[in-house]
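K.L.:
I am sharing coords-v5.txt, which consists of compact mmCIF, C-alpha atoms and all ligand atoms:
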```txt
# COMPACT_ATOMS: atom_id res chain seq x y z
CA MET A 1 5.67 43.94 16.73
CA ILE A 2 4.65 40.61 18.31
CA LEU A 3 4.04 40.51 22.05
CA LYS A 4 3.47 37.30 23.95
CA ALA A 5 0.30 37.87 25.94
CA THR A 6 0.52 37.70 29.71
CA ASN A 7 0.58 34.69 32.03
CA LEU A 8 -1.76 31.93 30.76
CA SER A 9 -0.01 29.73 28.24
CA SER A 10 -3.31 28.98 26.46
CA GLN A 11 -3.74 32.70 25.73
CA PRO A 12 -3.31 33.87 22.15
CA LYS A 13 -0.44 36.01 20.92
CA ILE A 14 -1.27 39.65 20.41
CA VAL A 15 -0.09 41.70 17.45
CA THR A 16 -0.79 45.36 16.92
CA THR A 17 0.46 46.09 13.39
CA VAL A 18 -0.58 44.84 9.98
CA ASP A 19 3.02 43.83 9.23
CA ALA A 20 3.19 41.69 12.37
CA LEU A 21 -0.21 40.17 11.61
CA ARG A 22 0.87 39.20 8.10
CA GLN A 23 4.19 37.90 9.38
CA ALA A 24 2.41 35.72 11.96
CA LEU A 25 0.07 34.33 9.29
CA ARG A 26 2.73 33.75 6.63
CA GLN A 27 3.71 30.27 7.82
CA PRO A 28 0.15 28.87 8.23
CA ARG A 29 -0.76 30.37 4.86
CA ARG A 30 2.23 28.68 3.20
CA ALA A 31 1.23 25.40 4.83
CA LEU A 32 -2.24 25.91 3.29
CA GLY A 33 -3.76 26.25 6.74
CA ARG A 34 -7.29 27.59 6.76
CA ILE A 35 -7.36 31.01 8.42
CA GLY A 36 -10.45 32.14 10.32
CA LEU A 37 -11.13 35.73 11.36
CA VAL A 38 -13.51 36.82 14.11
CA PRO A 39 -13.89 40.61 13.87
CA THR A 40 -14.89 42.20 17.20
CA MET A 41 -14.83 45.51 19.01
CA GLY A 42 -13.71 43.80 22.23
CA ALA A 43 -15.58 43.74 25.55
CA LEU A 44 -15.89 40.07 24.70
CA HIS A 45 -18.81 38.02 25.98
CA GLU A 46 -20.01 34.47 25.46
CA GLY A 47 -21.47 35.44 22.06
CA HIS A 48 -18.02 36.42 20.78
CA LEU A 49 -16.43 33.35 22.36
CA SER A 50 -18.92 31.12 20.53
CA LEU A 51 -17.69 32.66 17.26
CA VAL A 52 -14.09 31.98 18.27
CA ARG A 53 -14.97 28.35 19.04
CA ALA A 54 -16.78 28.02 15.69
CA ALA A 55 -13.67 29.39 13.97
CA GLY A 56 -11.47 26.98 15.94
CA ASP A 57 -13.64 24.04 14.86
CA GLU A 58 -13.35 24.94 11.20
CA CYS A 59 -9.96 26.60 10.81
CA ASP A 60 -6.31 25.84 11.46
CA VAL A 61 -5.57 29.34 12.71
CA THR A 62 -8.06 31.68 14.40
CA VAL A 63 -7.45 35.41 14.44
CA VAL A 64 -9.62 37.63 16.65
CA SER A 65 -9.51 41.31 15.82
CA ILE A 66 -10.26 43.73 18.63
CA TYR A 67 -10.78 47.24 17.37
CA VAL A 68 -13.38 49.84 18.33
CA ASN A 69 -13.97 51.31 14.90
CA PRO A 70 -14.66 55.05 15.19
CA SER A 71 -16.10 55.36 11.68
CA GLN A 72 -19.19 53.31 12.52
CA PHE A 73 -20.22 55.60 15.40
CA ALA A 74 -22.15 58.83 14.82
CA PRO A 75 -20.84 61.87 16.74
CA THR A 76 -23.84 61.53 19.10
CA GLU A 77 -23.17 57.85 19.84
CA ASP A 78 -21.18 56.03 22.52
CA LEU A 79 -17.67 55.82 20.98
CA ALA A 80 -16.01 57.48 23.99
CA ARG A 81 -17.66 55.26 26.58
CA TYR A 82 -17.71 52.02 24.57
CA PRO A 83 -16.18 49.39 26.92
CA ARG A 84 -12.48 48.77 26.27
CA ARG A 85 -10.82 46.03 28.33
CA LEU A 86 -8.08 44.31 26.40
CA GLU A 87 -6.54 42.49 29.37
CA ALA A 88 -9.88 40.92 30.33
CA ASP A 89 -10.54 40.07 26.67
CA LEU A 90 -7.22 38.25 26.38
CA GLU A 91 -8.02 36.31 29.50
CA ALA A 92 -11.51 35.43 28.20
CA LEU A 93 -9.96 34.13 24.99
CA GLY A 94 -7.69 31.76 26.90
CA GLY A 95 -8.69 28.20 26.11
CA CYS A 96 -11.23 29.20 23.43
CA GLY A 97 -8.99 28.32 20.50
CA ALA A 98 -7.85 31.81 19.45
CA ASP A 99 -4.29 31.78 18.15
CA LEU A 100 -3.73 35.43 17.42
CA VAL A 101 -5.31 38.68 18.57
CA PHE A 102 -4.99 41.64 16.25
CA ALA A 103 -5.44 44.80 18.29
CA PRO A 104 -4.42 47.78 16.17
CA ASP A 105 -4.73 51.42 17.18
CA ASP A 106 -6.56 54.03 15.11
CA ALA A 107 -3.42 55.16 13.29
CA GLU A 108 -2.72 51.59 12.15
CA VAL A 109 -6.22 51.19 10.68
CA TYR A 110 -6.88 54.69 9.33
CA ARG A 111 -3.63 56.10 8.07
CA PRO A 112 -3.43 59.90 7.61
CA GLY A 113 -5.26 60.92 4.46
CA HIS A 114 -7.63 57.91 4.51
CA ALA A 115 -10.33 58.82 2.02
CA THR A 116 -11.86 55.57 0.72
CA TRP A 117 -15.18 54.26 1.99
CA VAL A 118 -17.30 51.24 1.18
CA ALA A 119 -20.94 52.22 0.68
CA VAL A 120 -23.21 49.18 0.51
CA GLY A 121 -26.67 49.86 -0.95
CA GLY A 122 -29.85 47.79 -0.74
CA VAL A 123 -29.76 45.83 2.49
CA ALA A 124 -27.83 48.63 4.22
CA ASP A 125 -30.41 51.34 3.55
CA ALA A 126 -33.35 50.51 5.82
CA TRP A 127 -33.68 49.87 9.57
CA GLU A 128 -30.30 50.50 11.25
CA GLY A 129 -29.08 52.21 8.09
CA ARG A 130 -31.90 54.76 8.16
CA LEU A 131 -31.55 55.51 11.87
CA ARG A 132 -27.75 55.44 11.94
CA PRO A 133 -26.56 57.14 8.74
CA ASN A 134 -22.98 56.16 7.84
CA HIS A 135 -22.99 53.31 10.38
CA PHE A 136 -22.82 50.58 7.75
CA ARG A 137 -20.39 52.62 5.66
CA GLY A 138 -18.06 52.45 8.66
CA VAL A 139 -18.74 48.76 9.28
CA ALA A 140 -18.27 47.73 5.63
CA THR A 141 -15.09 49.78 5.33
CA VAL A 142 -13.45 48.38 8.43
CA VAL A 143 -14.55 44.81 7.69
CA LEU A 144 -13.11 45.02 4.19
CA LYS A 145 -9.91 46.51 5.63
CA LEU A 146 -9.68 43.70 8.20
CA PHE A 147 -10.21 41.18 5.40
CA GLN A 148 -7.37 42.81 3.47
CA MET A 149 -5.13 42.87 6.52
CA ALA A 150 -5.63 39.27 7.69
CA GLN A 151 -6.71 37.73 4.36
CA PRO A 152 -8.79 35.05 6.07
CA ASP A 153 -10.45 32.16 4.29
CA VAL A 154 -13.52 32.38 6.53
CA ALA A 155 -14.96 35.13 8.73
CA PHE A 156 -17.42 34.66 11.57
CA PHE A 157 -20.20 37.09 12.54
CA GLY A 158 -23.05 36.84 15.01
CA GLN A 159 -26.64 36.69 13.78
CA LYS A 160 -27.48 39.01 16.66
CA ASP A 161 -26.46 41.84 14.29
CA PHE A 162 -28.65 40.42 11.58
CA GLN A 163 -28.59 43.42 9.24
CA GLN A 164 -24.81 43.80 9.63
CA LEU A 165 -24.41 40.16 8.59
CA GLN A 166 -26.47 40.77 5.43
CA VAL A 167 -24.49 43.94 4.69
CA VAL A 168 -21.21 42.01 4.95
CA ARG A 169 -22.59 39.25 2.72
CA GLN A 170 -23.73 41.83 0.14
CA MET A 171 -20.31 43.53 0.15
CA VAL A 172 -18.46 40.22 -0.18
CA ALA A 173 -20.67 39.17 -3.10
CA ASP A 174 -20.62 42.55 -4.87
CA LEU A 175 -16.87 43.10 -4.53
CA ASN A 176 -15.85 39.47 -5.19
CA VAL A 177 -14.09 39.28 -1.84
CA PRO A 178 -12.61 35.77 -1.49
CA VAL A 179 -13.82 35.22 2.08
CA GLU A 180 -16.55 32.83 3.19
CA VAL A 181 -18.93 34.49 5.63
CA ARG A 182 -20.43 32.42 8.45
CA GLY A 183 -23.39 33.64 10.48
CA CYS A 184 -23.50 32.08 13.95
CA ALA A 185 -26.47 31.77 16.30
CA THR A 186 -27.19 34.48 18.86
CA VAL A 187 -26.10 33.59 22.38
CA ARG A 188 -28.53 34.64 25.11
CA GLU A 189 -28.27 35.28 28.81
CA PRO A 190 -30.29 32.87 31.00
CA ASN A 191 -33.21 35.33 30.99
CA GLY A 192 -33.25 35.41 27.17
CA LEU A 193 -31.53 38.78 26.68
CA ALA A 194 -29.29 38.60 23.60
CA MET A 195 -25.65 39.03 24.63
CA SER A 196 -24.17 42.36 23.62
CA SER A 197 -21.24 44.44 24.82
CA ARG A 198 -23.73 47.29 25.28
CA ASN A 199 -25.68 45.26 27.88
CA ALA A 200 -22.99 46.58 30.27
CA TYR A 201 -24.80 49.94 30.11
CA LEU A 202 -28.05 48.46 31.52
CA SER A 203 -29.01 49.01 35.14
CA PRO A 204 -30.22 45.85 36.96
CA ASN A 205 -33.77 47.12 36.52
CA ALA A 206 -33.35 47.83 32.80
CA ARG A 207 -31.74 44.42 32.32
CA ARG A 208 -34.78 42.77 33.92
CA ARG A 209 -37.16 44.77 31.73
CA ALA A 210 -35.12 43.99 28.61
CA ARG A 211 -36.27 40.36 28.91
CA ALA A 212 -39.41 41.55 27.13
CA LEU A 213 -37.49 41.69 23.83
CA SER A 214 -36.71 38.00 23.62
CA GLN A 215 -40.12 37.20 25.08
CA SER A 216 -41.72 39.15 22.24
CA LEU A 217 -39.75 37.13 19.70
CA VAL A 218 -40.86 33.90 21.35
CA ARG A 219 -44.45 35.19 21.09
CA ALA A 220 -43.90 35.73 17.35
CA GLU A 221 -42.54 32.20 16.96
CA GLU A 222 -45.51 30.77 18.85
CA LEU A 223 -47.96 32.74 16.73
CA VAL A 224 -46.45 31.42 13.53
CA ALA A 225 -46.34 27.86 14.91
CA GLY A 226 -50.02 28.30 15.74
CA GLY A 227 -50.88 29.28 12.15
CA GLU A 228 -50.80 33.11 12.25
CA ARG A 229 -49.46 34.49 8.96
CA ASP A 230 -50.53 38.14 9.02
CA ALA A 231 -47.40 40.25 9.56
CA SER A 232 -49.27 43.25 10.97
CA GLU A 233 -50.97 41.08 13.61
CA ILE A 234 -47.62 39.53 14.59
CA VAL A 235 -46.03 43.00 14.81
CA ARG A 236 -48.97 44.18 16.93
CA GLN A 237 -48.46 41.32 19.38
CA ILE A 238 -44.67 41.82 19.52
CA HIS A 239 -45.40 45.45 20.35
CA GLU A 240 -47.73 44.37 23.13
CA VAL A 241 -45.07 42.14 24.75
CA VAL A 242 -42.29 44.75 24.31
CA GLN A 243 -44.47 47.21 26.23
CA ALA A 244 -43.78 45.07 29.32
CA ALA A 245 -40.40 46.84 29.31
CA ALA A 246 -42.14 50.24 29.54
CA PRO A 247 -41.06 52.96 29.44
CA VAL A 248 -39.43 51.82 26.19
CA GLU A 249 -38.82 53.74 22.99
CA ILE A 250 -39.37 51.57 19.94
CA ASP A 251 -37.23 52.40 16.91
CA TYR A 252 -38.71 49.66 14.77
CA ILE A 253 -40.39 46.26 14.87
CA ALA A 254 -40.58 44.65 11.46
CA LEU A 255 -41.13 41.39 9.67
CA VAL A 256 -38.85 41.25 6.65
CA HIS A 257 -37.51 38.99 3.95
CA PRO A 258 -34.33 37.45 5.47
CA GLU A 259 -32.12 38.35 2.51
CA THR A 260 -33.52 41.57 1.05
CA LEU A 261 -34.71 42.89 4.44
CA GLU A 262 -37.79 44.28 2.72
CA PRO A 263 -40.99 44.29 4.79
CA ILE A 264 -43.40 41.46 4.11
CA ALA A 265 -47.17 41.44 4.61
CA GLU A 266 -47.61 37.70 5.07
CA VAL A 267 -45.38 34.98 6.52
CA ALA A 268 -45.20 32.69 3.51
CA GLY A 269 -41.62 31.43 3.97
CA CYS A 270 -38.64 32.04 6.21
CA THR A 271 -39.08 35.55 7.65
CA ALA A 272 -36.86 37.65 9.89
CA VAL A 273 -38.25 39.67 12.77
CA LEU A 274 -36.08 42.70 13.44
CA LEU A 275 -36.49 44.93 16.44
CA ALA A 276 -34.66 47.88 17.93
CA VAL A 277 -35.67 49.63 21.13
CA ARG A 278 -34.20 51.96 23.70
CA ILE A 279 -34.50 51.25 27.40
CA GLU A 280 -33.19 53.95 29.74
CA GLY A 281 -31.30 55.37 26.75
CA THR A 282 -29.53 52.08 25.90
CA ARG A 283 -30.25 50.92 22.39
CA LEU A 284 -30.90 47.17 22.08
CA ILE A 285 -31.46 45.17 18.91
CA ASP A 286 -32.65 41.61 18.57
CA ASN A 287 -34.10 39.32 15.92
CA THR A 288 -35.34 35.85 15.18
CA LEU A 289 -36.18 33.81 12.13
CA LEU A 290 -39.75 32.62 11.72
CA THR A 291 -40.21 29.45 9.73
CA PRO A 292 -43.78 28.44 9.09
CA PRO A 293 -44.15 24.63 9.40
CA SER A 294 -44.89 24.24 5.68
CA ALA A 295 -41.92 26.40 4.53
O1 LIG B 301 -20.08 43.68 15.22
C1 LIG B 301 -19.07 44.33 15.56
O2 LIG B 301 -18.52 44.15 16.64
C2 LIG B 301 -18.51 45.38 14.61
O3 LIG B 301 -19.52 46.02 13.92
C3 LIG B 301 -17.46 44.82 13.65
C4 LIG B 301 -18.04 43.77 12.70
C5 LIG B 301 -16.32 44.19 14.44
C6 LIG B 301 -16.88 45.95 12.79
O4 LIG B 301 -16.30 46.94 13.58
```
So that I can check it, write out the structure of this file as structure tokens.
Ligand code: PAF

P.N.:
Amino acid sequence: MILKATNLSSQPKIVTTVDALRQALRQPRRALGRIGLVPTMGALHEGHLSLVRAAGDECDVTVVSIYVNPSQFAPTEDLARYPRRLEADLEALGGCGADLVFAPDDAEVYRPGHATWVAVGGVADAWEGRLRPNHFRGVATVVLKLFQMAQPDVAFFGQKDFQQLQVVRQMVADLNVPVEVRGCATVREPNGLAMSSRNAYLSPNARRRARALSQSLVRAEELVAGGERDASEIVRQIHEVVQAAAPVEIDYIALVHPETLEPIAEVAGCTAVLLAVRIEGTRLIDNTLLTPPSA
């Protein structure tokens, strides 16, 4: 089924089945057009739109998938209340360079009897993987399925979900998936808060307090620029700044190798800072890359 999306002519077409998606991509594929995929769960914000623009710059056809993937949510998580607003998403995509929106329902993605899962090891095990068992199994499975469905040449992911990006890269490398993976810079609100669909859960007060996250990352960058190399001291100072958001529950603050995601003791080269906290019950993650001047 192919539906022409509502009123704005610059809006993308929307397809809801794999057959229709493949049909819509057949012609550009034959013409050797480069196909870009931006996988999303909808509730699109400027961060997503920047991925769509990046895809538009590099590709002949840009597909945006909008699918809230149940298998990456634990039973205790926010699947039921995760924001779903397809009409607003289509409107937001108008003029951003998206050609096609793939918005399947659950039955289209997980057919009855679905029993195959992608379990990425290594980079998926720590941090989010430890606190959210099966989360990355769900992410890797649906991303691989989306890759199979759209067969893109390139796929675009935000660096905001830093560990997810590494998990996708690991899967693509390990399973010889013929898709180039692009990581795109985190887009922030004017107060520094990293854009996320889950920011919609924050009260105005929590949103104000959440500024402390990006401020703590700036502190880490300043420390490294000023010569600090001791990871435990940098973590201590990040902690101190994050406490400005108090009461805040800290899941983890860590300095890690940017590819293996293993903790490091000293900032000797490019290092990722990963943090995850909960403010008023809303879980927020953020990260930055630290590059010592000599690295
Ligand atoms: O980052 C997201 O929005 C999701 O994890 C993704 C990659 C679309 C898979 O459901």

K.L.:
Return the single residue from A:Leu21, A:Leu100, A:Ala225, A:Val167 that is closest to His135 in chain A, with distances computed using all atoms listed in the file.

P.N.:
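Nearest candidate to His135 in chain A out of A:Leu21, A:Leu100, A:Ala225, A:Val167: A:Val167.
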
K.L.:
Identify, counting only C-alpha atoms and all ligand atoms, the protein, DNA and RNA residues located within 8 Å of ligand LIG 301 (chain B), and give them as a PyMOL selection string.

P.N.:
chain A and resi 38-42+65-69+72+138-140+142-143+157-158+161+164

K.L.:
Which residue is closest to Val52 in chain A? Choose from A:Gly227, A:Pro112, A:Gly121, A:Gly95 and count all atoms listed in the file.

P.N.:
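Once distances to Val52 in chain A are computed over all atoms listed in the file, the minimum belongs to A:Gly95.
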
K.L.:
Name the closest residue to Leu261 in chain A among the candidates A:Leu284, A:Leu290, A:Val273, A:Val64; distances are taken between atoms, counting all atoms listed in the file.

P.N.:
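Checking each candidate against Leu261 in chain A, we get A:Val273 as the closest.
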
K.L.:
If you take all atoms listed in the file and a cut-off of 10 Å, which residues of range 182-239 of chain A touch range 147-156 of chain A, and what are their nearest atom pairs and distances in Å to one decimal, in chain and number order, as JSON lines?

P.N.:
```
{"residue": "A:Arg182", "atom": "CA", "partner": "A:Phe156", "partner_atom": "CA", "distance": 4.9}
{"residue": "A:Gly183", "atom": "CA", "partner": "A:Phe156", "partner_atom": "CA", "distance": 6.2}
{"residue": "A:Cys184", "atom": "CA", "partner": "A:Phe156", "partner_atom": "CA", "distance": 7.0}
```

K.L.:
Residues near Gln163 in chain A, anyone? I mean within 12 Å using only C-alpha atoms, not counting same-chain ones fewer than 6 positions away, as a ChimeraX atom specification.

P.N.:
/A:120,122-130,135-136,139-140,157,169-170,183,256-262,272-276,285-288

K.L.:
Figure out the distance between CA of His48 in chain A and CA of Pro12 in chain A, please, to one decimal in Å.

P.N.:
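Taking CA of Pro12 in chain A as the start and CA of His48 in chain A as the end point, the length is 15.0 Å.
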
K.L.:
Give me, as a PyMOL selection string, all polymer residues having an atom no more than 12 Å from Gly97 in chain A, counting all atoms listed in the file and skipping those fewer than 3 positions away in the same chain.

P.N.:
chain A and resi 9-13+36-38+49-64+90+92-94+100-101

K.L.:
Kindly indicate which residue among A:Gln159, A:Thr17, A:Gln23, A:Asn176 lies nearest to Ala107 in chain A, using only C-alpha atoms for the distances.

P.N.:
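Closest residue, counting only C-alpha atoms: A:Thr17.
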
K.L.:
In Å, rounded to a single decimal, give me how far CA of Arg236 in chain A is from CA of Ala268 in chain A.

P.N.:
18.1 Å

K.L.:
Which of these residues is nearest to His114 in chain A, using only C-alpha atoms: A:Arg283, A:Glu87, A:Ser71, A:Thr76?

P.N.:
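Going through A:Arg283, A:Glu87, A:Ser71, A:Thr76 one by one, the smallest distance to His114 in chain A is for A:Ser71.
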
K.L.:
Got a sec: who's within 12 Å of Arg209 in chain A, counting all atoms listed in the file, leaving out chain neighbours fewer than 4 positions off, as a ChimeraX atom specification?

P.N.:
/A:191-193,202-205,213-216,241-248,277-280,284

K.L.:
Separation of CA of Glu180 in chain A and CA of Arg84 in chain A, in Å?

P.N.:
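Distance between the two atoms: 28.3 Å.
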
K.L.:
Extending 5 Å beyond the listed atoms of range 279-286 of chain A on each side, what axis-aligned box results? I want centre and edge lengths in Å to one decimal, as JSON.

P.N.:
```
{"center_x": -32.0, "center_y": 48.5, "center_z": 24.2, "size_x": 15.0, "size_y": 23.8, "size_z": 21.2}
```

K.L.:
Name the closest residue to Leu44 in chain A among the candidates A:Asn134, A:Ser232, A:Asn199, A:Thr116; distances are taken between atoms, counting all atoms listed in the file.

P.N.:
A:Asn199

K.L.:
Need the shell around Ile234 in chain A: protein/DNA/RNA residues with any atom at most 9 Å away, counting only C-alpha atoms. Skip same-chain ones fewer than 3 positions apart. Format as a list in words?

P.N.:
Arg219, Ala220, Leu223, Val224, Glu228, Arg229, Asp230, Ala231, Gln237, Ile238, His239 and Leu255 of chain A
